[in-house]
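work_6.cif follows (mmCIF, C-alpha atoms):
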```
data_protein
loop_
_atom_site.label_atom_id
_atom_site.label_comp_id
_atom_site.auth_asym_id
_atom_site.auth_seq_id
_atom_site.Cartn_x
_atom_site.Cartn_y
_atom_site.Cartn_z
CA MET A 226 64.75 122.94 112.18
CA VAL A 227 65.88 119.59 110.82
CA ALA A 228 69.65 119.16 110.92
CA ILE A 229 71.26 118.33 107.61
CA HIS A 230 74.25 116.01 107.91
CA SER A 231 76.80 115.69 105.13
CA ARG A 232 79.55 113.13 104.96
CA ALA A 233 83.01 114.49 105.72
CA SER A 234 85.27 115.05 102.74
CA ALA A 235 87.45 112.04 101.99
CA LEU A 236 90.14 114.02 100.17
CA THR A 237 92.58 116.81 100.88
CA VAL A 238 93.68 118.78 97.81
CA ARG A 239 96.85 120.87 97.82
CA ALA A 240 98.75 122.52 94.98
CA GLY A 241 101.76 124.61 94.09
CA THR A 242 101.50 128.21 92.92
CA ASP A 243 101.58 127.59 89.17
CA ALA A 244 99.20 124.65 89.46
CA ILE A 245 96.68 126.79 91.36
CA ALA A 246 96.78 129.45 88.65
CA HIS A 247 96.40 126.84 85.90
CA LEU A 248 93.53 125.07 87.64
CA ARG A 249 91.65 128.30 88.33
CA GLU A 250 91.77 129.11 84.62
CA TYR A 251 91.14 125.68 83.10
CA GLY A 252 90.04 123.31 85.85
CA LEU A 253 91.61 119.87 86.03
CA ARG A 254 91.68 118.37 82.54
CA ALA A 255 93.14 114.97 81.78
CA GLU A 256 94.99 116.29 78.74
CA ASP A 257 97.01 118.65 80.97
CA VAL A 258 98.48 115.91 83.16
CA ASP A 259 101.93 114.94 81.89
CA ILE A 260 103.74 113.65 85.02
CA VAL A 261 102.58 111.42 87.89
CA PRO A 262 104.86 110.74 90.89
CA GLY A 263 104.47 107.65 93.08
CA ALA A 264 105.92 107.75 96.60
CA ALA A 265 107.56 105.02 98.63
CA GLY A 266 105.40 103.82 101.51
CA GLY A 267 104.86 100.06 101.35
CA PRO A 268 101.33 98.97 102.29
CA LYS A 269 100.10 102.57 102.32
CA ALA A 270 99.61 102.07 98.58
CA LEU A 271 96.72 99.74 99.40
CA GLY A 272 95.02 102.59 101.21
CA ILE A 273 94.80 104.74 98.06
CA ASN A 274 94.06 101.89 95.67
CA GLY A 275 90.61 103.27 94.89
CA LEU A 276 92.06 106.70 94.12
CA ASP A 277 94.64 105.12 91.79
CA ARG A 278 91.93 103.16 90.00
CA ALA A 279 89.89 106.31 89.45
CA VAL A 280 92.91 108.27 88.17
CA PHE A 281 94.35 105.61 85.89
CA GLY A 282 91.25 103.58 85.09
CA ASP A 283 88.83 106.45 84.39
CA PHE A 284 90.26 109.98 84.44
CA LEU A 285 93.53 109.83 82.49
CA PRO A 286 92.22 107.47 79.75
CA ARG A 287 89.80 110.25 78.77
CA ALA A 288 92.76 111.97 77.09
CA PRO A 289 95.42 109.40 76.14
CA ARG A 290 98.90 110.85 75.74
CA ARG A 291 102.49 110.06 76.63
CA ARG A 292 102.92 110.50 80.40
CA THR A 293 105.90 110.02 82.68
CA LEU A 294 105.35 107.93 85.81
CA ILE A 295 108.17 108.41 88.35
CA GLY A 296 108.01 105.91 91.19
CA ALA A 297 110.13 104.89 94.16
CA SER A 298 109.66 101.58 95.96
CA ILE A 299 105.95 100.67 96.01
CA GLY A 300 105.36 103.66 93.75
CA SER A 301 107.34 101.94 91.00
CA TRP A 302 105.41 98.70 91.55
CA ARG A 303 102.09 100.55 91.32
CA PHE A 304 103.17 102.10 88.05
CA ALA A 305 104.49 98.80 86.68
CA ALA A 306 101.08 97.27 87.42
CA ILE A 307 99.46 100.15 85.53
CA ALA A 308 101.81 100.03 82.54
CA MET A 309 101.85 96.25 82.09
CA GLY A 310 98.42 95.81 80.54
CA GLN A 311 95.43 97.31 78.80
CA ASP A 312 93.41 97.70 82.01
CA PRO A 313 95.26 99.68 84.71
CA ALA A 314 92.49 99.09 87.26
CA LEU A 315 92.88 95.32 86.97
CA GLY A 316 96.64 95.60 87.39
CA LEU A 317 96.20 97.70 90.52
CA GLU A 318 93.67 95.28 91.96
CA ARG A 319 96.04 92.40 91.29
CA LEU A 320 98.92 94.16 93.02
CA ALA A 321 96.76 94.93 96.06
CA GLU A 322 95.66 91.32 96.40
CA LEU A 323 99.15 89.89 95.92
CA TYR A 324 100.61 92.28 98.48
CA THR A 325 97.81 91.63 100.97
CA SER A 326 98.34 87.87 100.69
CA GLN A 327 102.05 88.04 101.58
CA ARG A 328 102.86 86.40 104.92
CA PHE A 329 106.13 86.90 106.77
CA PRO A 330 106.55 84.74 109.89
CA LYS A 331 108.59 85.84 112.88
CA GLY A 332 112.32 85.38 112.34
CA ILE A 333 112.17 85.34 108.55
CA THR A 334 115.49 86.28 106.96
CA SER A 335 116.03 89.15 104.55
CA ARG A 336 117.06 86.60 101.93
CA GLU A 337 113.74 84.79 102.25
CA VAL A 338 111.78 88.06 102.18
CA SER A 339 113.66 88.96 98.99
CA ARG A 340 112.85 85.58 97.47
CA ARG A 341 109.16 85.96 98.25
CA CYS A 342 109.05 89.49 96.86
CA ALA A 343 110.71 88.30 93.66
CA ALA A 344 108.06 85.58 93.38
CA MET A 345 105.31 88.15 93.96
CA LEU A 346 106.76 90.39 91.25
CA SER A 347 106.90 87.44 88.85
CA GLU A 348 103.27 86.63 89.58
CA LEU A 349 102.29 90.27 89.09
CA LEU A 350 104.09 90.88 85.80
CA GLN A 351 103.84 87.36 84.35
CA ASP A 352 105.01 87.93 80.75
CA ARG A 353 104.13 91.62 80.48
CA ASP A 354 107.66 93.07 80.67
CA GLN A 355 107.76 94.12 77.03
CA HIS A 356 104.46 95.96 77.38
CA ILE A 357 105.98 98.08 80.15
CA LEU A 358 109.08 98.77 78.10
CA HIS A 359 107.13 99.85 75.01
CA ASN A 360 103.97 101.31 76.51
CA GLN A 361 102.88 104.25 74.35
CA ASP A 362 100.91 105.97 77.11
CA TYR A 363 103.10 105.56 80.17
CA ARG A 364 106.87 105.87 80.45
CA LEU A 365 107.97 104.24 83.68
CA VAL A 366 110.86 105.71 85.68
CA ILE A 367 112.10 103.53 88.56
CA VAL A 368 113.98 105.32 91.32
CA VAL A 369 116.71 103.38 93.14
CA ILE A 370 119.78 104.24 95.18
CA ARG A 371 123.33 103.03 94.68
CA SER A 372 124.80 102.32 98.11
CA ARG A 373 128.14 103.75 99.18
CA GLY A 374 130.54 102.70 101.95
CA LEU A 375 129.04 100.59 104.73
CA MET A 376 125.61 100.95 103.12
CA ALA A 377 126.80 98.50 100.48
CA ARG A 378 126.92 95.69 103.08
CA ASN A 379 124.08 93.18 103.19
CA GLY A 380 122.94 92.90 106.80
CA GLY A 381 124.99 92.57 109.94
CA LEU A 382 126.93 95.13 111.92
CA GLY A 383 128.40 96.83 108.85
CA LEU A 384 125.04 97.77 107.35
CA GLY A 385 123.73 98.73 110.78
CA LEU A 386 126.63 101.13 111.27
CA GLY A 387 126.08 102.52 107.78
CA LEU A 388 122.42 103.20 108.57
CA ALA A 389 123.33 104.85 111.88
CA GLY A 390 125.80 107.10 110.09
CA LEU A 391 123.24 107.95 107.43
CA ILE A 392 120.56 108.82 109.99
CA GLY A 393 122.92 110.98 112.02
CA THR A 394 124.30 112.76 108.99
CA ASN A 395 120.85 113.40 107.56
CA PHE A 396 119.72 115.14 110.73
CA PHE A 397 122.25 117.88 110.13
CA SER A 398 122.40 117.93 106.33
CA ARG A 399 120.33 116.20 103.66
CA GLN A 400 123.01 116.94 101.06
CA ALA A 401 125.68 115.20 103.16
CA THR A 402 123.80 111.91 102.88
CA GLY A 403 125.33 111.71 99.42
CA LEU A 404 128.30 110.19 101.24
CA PHE A 405 126.15 107.09 101.76
CA MET A 406 124.06 106.85 98.59
CA GLU A 407 123.60 108.02 95.03
CA ARG A 408 120.42 108.33 92.96
CA GLY A 409 119.64 105.95 90.12
CA LEU A 410 116.89 106.53 87.55
CA VAL A 411 116.00 103.54 85.40
CA TYR A 412 113.84 104.31 82.36
CA PRO A 413 113.47 103.45 78.65
CA ASP A 414 115.64 105.29 76.16
CA GLY A 415 114.08 108.19 74.31
CA SER A 416 113.39 111.80 75.07
CA PRO A 417 114.96 113.44 78.13
CA LEU A 418 113.14 113.14 81.43
CA PRO A 419 110.83 116.07 82.30
CA VAL A 420 112.93 117.12 85.28
CA GLY A 421 115.44 119.90 85.67
CA PRO A 422 119.13 119.44 86.53
CA LEU A 423 119.61 116.96 89.38
CA ASN A 424 122.62 118.56 91.01
CA ASP A 425 121.69 117.76 94.61
CA PHE A 426 123.09 114.20 94.49
CA THR A 427 125.16 112.12 92.13
CA THR A 428 122.58 110.74 89.71
CA HIS A 429 122.93 107.76 87.35
CA HIS A 430 120.67 107.51 84.31
CA ILE A 431 120.23 103.81 83.54
CA SER A 432 118.67 102.46 80.36
CA MET A 433 115.69 100.23 81.13
CA ARG A 434 115.59 97.02 79.17
CA ALA A 435 114.21 93.51 79.48
CA GLU A 436 117.20 92.15 81.40
CA ASN A 437 117.12 94.78 84.14
CA LEU A 438 113.44 95.74 84.57
CA ARG A 439 112.68 93.25 87.33
CA ALA A 440 116.01 93.77 89.04
CA ALA A 441 115.32 97.51 89.13
CA LEU A 442 111.84 96.98 90.61
CA LEU A 443 113.26 94.67 93.28
CA ALA A 444 116.06 97.11 94.05
CA SER A 445 113.60 99.99 94.38
CA ALA A 446 111.79 98.09 97.14
CA ALA A 447 114.89 96.71 98.89
CA ILE A 448 114.52 98.22 102.37
CA PRO A 449 117.81 97.78 104.28
CA MET A 450 117.74 95.02 106.92
CA VAL A 451 114.38 93.82 105.51
CA LEU A 452 115.35 92.81 101.97
CA ASP A 453 118.77 92.16 100.50
CA GLY A 454 120.19 94.79 98.19
CA VAL A 455 120.43 94.01 94.48
CA SER A 456 124.06 93.60 93.41
CA GLU A 457 123.40 92.80 89.75
CA LEU A 458 121.60 95.57 87.87
CA PRO A 459 122.57 95.18 84.20
CA GLY A 460 123.53 98.44 82.53
CA ALA A 461 124.18 100.23 85.82
CA PRO A 462 127.50 101.04 87.51
CA ASP A 463 128.73 98.23 89.77
CA GLY A 464 127.31 98.42 93.26
CA VAL A 465 124.51 97.41 95.62
CA TYR A 466 121.15 98.97 94.78
CA ARG A 467 118.36 99.57 97.29
CA ASP A 468 115.06 101.29 98.00
CA GLY A 469 114.84 104.56 96.08
CA GLY A 470 112.63 106.00 98.81
CA MET A 471 115.61 106.32 101.12
CA LEU A 472 116.76 109.31 99.10
CA ASP A 473 113.58 110.31 97.24
CA TYR A 474 110.83 109.29 99.65
CA HIS A 475 108.11 111.53 98.25
CA LEU A 476 109.96 112.55 95.08
CA ASP A 477 110.77 116.19 95.73
CA LEU A 478 112.18 116.63 92.22
CA PRO A 479 112.52 119.67 89.90
CA TYR A 480 109.61 118.72 87.64
CA GLN A 481 109.41 120.41 84.25
CA SER A 482 105.75 120.13 83.41
CA ALA A 483 103.92 122.03 80.71
CA GLY A 484 100.67 121.33 82.53
CA ILE A 485 99.97 119.56 85.80
CA VAL A 486 101.96 117.09 87.90
CA LEU A 487 99.15 115.00 89.38
CA TYR A 488 100.17 113.31 92.62
CA PRO A 489 97.85 110.69 94.19
CA HIS A 490 99.53 110.48 97.59
CA PHE A 491 99.23 108.89 101.01
CA THR A 492 99.61 112.18 102.92
CA ASP A 493 99.28 115.91 102.33
CA ARG A 494 102.99 116.52 102.95
CA VAL A 495 105.93 116.06 100.57
CA ILE A 496 108.84 114.63 102.59
CA PRO A 497 112.15 114.67 100.67
CA GLY A 498 113.87 111.56 102.11
CA TRP A 499 112.90 108.50 104.14
CA PHE A 500 114.84 109.69 107.19
CA ASP A 501 113.22 113.13 107.02
CA LYS A 502 109.91 111.76 108.32
CA PRO A 503 110.41 112.97 111.92
CA LEU A 504 111.96 116.27 110.79
CA ARG A 505 108.90 118.48 110.53
CA TRP A 506 110.95 121.40 109.25
CA ARG A 507 112.18 119.50 106.19
CA ASN A 508 109.58 119.55 103.43
CA GLY A 509 109.43 119.67 99.66
CA ASP A 510 110.81 122.71 97.83
CA PRO A 511 107.87 124.95 96.73
CA LYS A 512 109.83 126.06 93.64
CA ARG A 513 110.26 122.45 92.50
CA LEU A 514 106.63 121.65 93.22
CA ARG A 515 104.97 124.74 91.79
CA ARG A 516 103.05 122.68 89.17
CA LEU A 517 102.15 119.89 91.59
CA LEU A 518 98.55 118.95 92.40
CA LEU A 519 98.57 116.67 95.44
CA VAL A 520 95.46 114.61 96.24
CA SER A 521 95.48 112.61 99.48
CA PRO A 522 93.16 111.09 102.10
CA SER A 523 91.76 113.67 104.52
CA ARG A 524 92.22 113.44 108.27
CA GLU A 525 88.50 112.76 108.61
CA TYR A 526 88.75 109.86 106.18
CA LEU A 527 91.74 108.38 108.00
CA ALA A 528 89.92 108.65 111.32
CA SER A 529 87.08 106.55 109.87
CA LEU A 530 89.38 103.61 109.03
CA PRO A 531 90.19 100.68 111.29
CA HIS A 532 93.08 101.78 113.55
CA GLY A 533 92.59 105.35 112.26
CA LYS A 534 95.25 105.04 109.57
CA LEU A 535 96.19 103.54 106.23
CA PRO A 536 97.80 100.09 106.21
CA ASP A 537 101.53 100.18 106.90
CA ARG A 538 104.44 97.85 107.63
CA THR A 539 103.85 97.95 111.40
CA ASP A 540 100.73 95.87 110.77
CA PHE A 541 102.92 92.81 110.17
CA LYS A 542 104.05 93.08 113.82
CA HIS A 543 100.67 94.15 115.19
CA TYR A 544 99.00 91.13 113.60
CA LEU A 545 101.88 88.72 114.18
CA GLY A 546 100.34 85.25 114.32
CA ASP A 547 97.05 86.57 112.91
CA ASP A 548 97.63 86.88 109.18
CA ALA A 549 93.93 86.40 108.47
CA GLY A 550 93.13 89.38 110.71
CA ARG A 551 95.68 91.60 108.95
CA GLU A 552 94.46 90.55 105.53
CA ALA A 553 90.85 91.30 106.48
CA TYR A 554 91.91 94.74 107.75
CA TRP A 555 93.87 95.52 104.59
CA ARG A 556 91.05 94.38 102.32
CA LYS A 557 88.69 96.61 104.29
CA ALA A 558 91.03 99.55 103.68
CA VAL A 559 91.20 98.75 99.96
CA GLY A 560 87.41 98.60 99.78
CA GLU A 561 87.00 101.88 101.66
CA SER A 562 89.44 103.59 99.30
CA GLN A 563 86.76 103.48 96.61
CA ARG A 564 85.41 106.57 98.39
CA LEU A 565 88.62 108.41 97.53
CA GLY A 566 88.26 107.61 93.85
CA ASP A 567 84.57 108.46 93.75
CA GLU A 568 85.15 111.84 95.38
CA PHE A 569 88.05 112.65 93.06
CA LEU A 570 85.94 111.99 89.96
CA GLU A 571 83.03 113.97 91.41
CA LEU A 572 85.27 116.96 92.12
CA VAL A 573 86.65 116.84 88.58
CA GLU A 574 83.30 116.48 86.87
CA THR A 575 81.55 119.17 88.92
CA GLY A 576 84.46 121.59 88.71
CA LYS A 577 84.49 121.87 92.50
CA LEU A 578 88.06 120.65 92.86
CA VAL A 579 89.36 124.22 92.47
CA ASP A 580 87.28 125.33 95.46
CA ARG A 581 88.96 122.71 97.64
CA ILE A 582 92.57 123.56 96.85
CA GLN A 583 94.91 124.56 99.65
CA PRO A 584 98.43 125.86 98.93
CA LEU A 585 101.34 123.48 99.41
#
```
Using the file provided, produce a representation of the structure as C-alpha cells.
Amino acid sequence: MVAIHSRASALTVRAGTDAIAHLREYGLRAEDVDIVPGAAGGPKALGINGLDRAVFGDFLPRAPRRRTLIGASIGSWRFAAIAMGQDPALGLERLAELYTSQRFPKGITSREVSRRCAAMLSELLQDRDQHILHNQDYRLVIVVIRSRGLMARNGGLGLGLGLAGLIGTNFFSRQATGLFMERGLVYPDGSPLPVGPLNDFTTHHISMRAENLRAALLASAAIPMVLDGVSELPGAPDGVYRDGGMLDYHLDLPYQSAGIVLYPHFTDRVIPGWFDKPLRWRNGDPKRLRRLLLVSPSREYLASLPHGKLPDRTDFKHYLGDDAGREAYWRKAVGESQRLGDEFLELVETGKLVDRIQPL
C-alpha cells in the first residue's frame, strides 16, 4: 500500500462556549465578526503576518461593517497599520519590514530606543493619522497603562524596585497589581465600547484625537527599562504611560459581542497580564471569552520554523552583531506565515473550521 502523506495543520483553533454554538449553527461568516483583539508580543506579530493579511486583506472585507480593534503594544501598531489606509495588507507588510529593519546595538539607551521607535512610527503612519481617527470600518482602541508609585520612574533603581514589587505582588494577586498601574483605553469618541464593566482595575477612558494618537501608540509599546515612558499624553490624567500589555497582555476583557470575537493570536493560550506568563494556572476567564474564536499557529507549524518558534525580542541578543542574520530569519518567518493565512481561508471557505475547534 502506498503511504499518503499530508502536511501537518498550520493552525490551532480554539473557541469559547457561545462561539462554538454560533459557529456550529452558522459557520464563520465575516459579517458576524464585530471585535478583534490584538495582543502584546513584540516581534511575534511578524510570525502571524500572513494570518493578519488573510483576515484583514481578504476575509473581513467581504462584509464591511464597523468593527472594534482593541490592541495592546504591538497589537495597537498592527491595528494602526490596518486602519491607516485603503489596503490593510500593504500596511501590515510595511509594518513588518520597518520592524525587521530596526537595529539596536549593544549598550543602546532607552532614550535612543524610544527615539528610533518614534521615527519608525512616523515612517509607518506618514500623514495617515486622520484616516485612523475617522475610519468607517475600524475603530481603534489603544491599551496603555498609567504608572503608579515607583513605576512612574524612568529607569534606574527606582523603576527597578517598582518592577520587582509589581512582579512579587502579581504572583500572589493579579488584582493587587493595581497598586502599581491603572488601565488606559484611548479611542475615538462615539458609541460605548463593546466591553462590560471594567471593575478589576482603575480604568481611564481617553478620547483619541490627532494630538495624542502617536503618543498613545508609543506609550502602548513602552516596555519598562527598554523604552522611556510617555509623560505627555494629551487628554489623559497626568502621569507616565507605558506598555498596555503589562496589565492586559492578551486582553482578557469582558467582551460584549453580538457575534464573534475573532482573535488572530501568537499562541493558543490567553494570558491576562505580562507577568502571568510563567504562571500556568492563571489564564483567561472563560465567561469573558465565551464568544472568542482564537486562531493561532499550531505546535507542528512552530516546530517547522527556524529555531522552532516565532520571532521574539530575544533574537536581538541571539543575533547581536549579526543584524543581517536576524533580518533574514525574521523575513523567513514572515514568508512562512503565508501558510497560516492560506489555511485560515481554506477552513472558512470549505466550512471545515468548525471541525477543528477545541474548547478554550
Might you spell out which residues the PyMOL selection byres ((chain A and resi 558) around 10) would select in the displayed file, as a list in words?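 Matching residues under the PyMOL selection byres ((chain A and resi 558) around 10) are Lys269, Leu271, Gly272, Ile273, Asn274, Gly275, Leu527, Leu530, Pro531, Lys534, Leu535, Pro536, Glu552, Ala553, Tyr554, Trp555, Arg556, Lys557, Val559, Gly560, Glu561, Ser562 and Gln563 of chain A.
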Selection: 12 Å around A:Glu574, only C-alpha atoms, excl. self and same-chain fewer than 5 positions, as a PDB file with C-alpha atoms, in the coordinates of the input:
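And here's selection-v6.pdb as it stands now:
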```pdb
ATOM      1  CA  GLY A 252      90.040 123.310  85.850  1.00  0.00           C
ATOM      2  CA  LEU A 253      91.610 119.870  86.030  1.00  0.00           C
ATOM      3  CA  ARG A 254      91.680 118.370  82.540  1.00  0.00           C
ATOM      4  CA  ALA A 255      93.140 114.970  81.780  1.00  0.00           C
ATOM      5  CA  ASP A 283      88.830 106.450  84.390  1.00  0.00           C
ATOM      6  CA  PHE A 284      90.260 109.980  84.440  1.00  0.00           C
ATOM      7  CA  ASP A 567      84.570 108.460  93.750  1.00  0.00           C
ATOM      8  CA  GLU A 568      85.150 111.840  95.380  1.00  0.00           C
ATOM      9  CA  PHE A 569      88.050 112.650  93.060  1.00  0.00           C
ATOM     10  CA  VAL A 579      89.360 124.220  92.470  1.00  0.00           C
TER      11      VAL A 579
END
```
How would you write, as a list in words, the residues chosen by the PyMOL selection byres ((chain A and resi 467) around 6) on this structure?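 After applying the PyMOL selection byres ((chain A and resi 467) around 6), what remains is Val369, Ile370, Ala444, Ser445, Ala447, Gly454, Tyr466 and Asp468 of chain A.
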Tell me, in Å to one decimal, how far atom CA of A:Ser339 is from atom CA of A:Val451. 8.2 Å
Taking all atoms listed in the file into account, name the residue in A:Arg439, A:Arg364, A:Arg373, A:His543 that is nearest to A:Arg408. A:Arg373
Tell me which residues the PyMOL selection byres ((chain A and resi 477-484) around 7) grabs here, as a PyMOL selection string. chain A and resi 257-260+419-421+473+475-476+485-486+495+497+509-510+513-514+516
Pick out the closest residue to A:Ala270 from this set: A:Gln400, A:Thr242, A:Asn360, A:Ser301. Count all atoms listed in the file.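 Distance minimum relative to A:Ala270 lands on A:Ser301.
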Proximity to A:Ala235 - best of A:His356, A:Arg515, A:His532, A:Arg564, only C-alpha atoms: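 Of the candidates, the smallest distance to A:Ala235 is held by A:Arg564.
For the residues A:Gly470, A:Leu443, A:Leu504, A:Thr293, ranking by smallest atom-to-atom distance to A:Ala344 using all atoms listed in the file places A:Leu443 first.
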Interatomic distance, atom CA of A:Val465 to atom CA of A:His490 (Å, one decimal):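 Straight-line distance from atom CA of A:Val465 to atom CA of A:His490 works out to 28.3 Å.
When atom CA of A:Gly296 is paired with atom CA of A:Arg551, their separation reads 25.9 Å.
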Identify which of the residues A:His430, A:Lys331, A:Arg340, A:Arg505 lies closest to A:Tyr544, counting all atoms listed in the file when measuring atom-to-atom distances. A:Lys331
Which residue is closest to A:Gly383? Choose from A:Gly576, A:Pro286, A:Pro449, A:Gly546 and count all atoms listed in the file. A:Pro449
Can you report as lines of an AutoDock Vina configuration file the centre and edge lengths in Å, to one decimal, of an axis-aligned box around the listed atoms of stretch 349-362 of chain A padded with 5 Å on each side?
```
center_x = 105.0
center_y = 96.7
center_z = 81.7
size_x = 18.2
size_y = 28.6
size_z = 24.7
```
Counting all atoms listed in the file, select every polymer residue within 12 Å of (128.1, 112.3, 100.3) as defined in the file's coordinates, and provide the selection as a list in words.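 With a cut-off of 12 Å, the residues come to Arg371, Ser372, Arg373, Gly374, Met376, Gly390, Leu391, Thr394, Asn395, Ser398, Arg399, Gln400, Ala401, Thr402, Gly403, Leu404, Phe405, Met406, Glu407, Arg408, Asp425, Phe426, Thr427 and Leu472 of chain A.
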Mind checking which residues fall within 8 Å of A:Gly566, counting all atoms listed in the file, ignoring those fewer than 6 positions away in the same chain, and posting them as a JSON list (two decimals) with C-alpha atoms, in the frame of the given file?
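For reference, result.json as written:
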```json
[["chain", "number", "residue", "atom", "x", "y", "z"],
["A", 275, "GLY", "CA", 90.61, 103.27, 94.89],
["A", 276, "LEU", "CA", 92.06, 106.70, 94.12],
["A", 277, "ASP", "CA", 94.64, 105.12, 91.79],
["A", 278, "ARG", "CA", 91.93, 103.16, 90.00],
["A", 279, "ALA", "CA", 89.89, 106.31, 89.45],
["A", 280, "VAL", "CA", 92.91, 108.27, 88.17]]
```
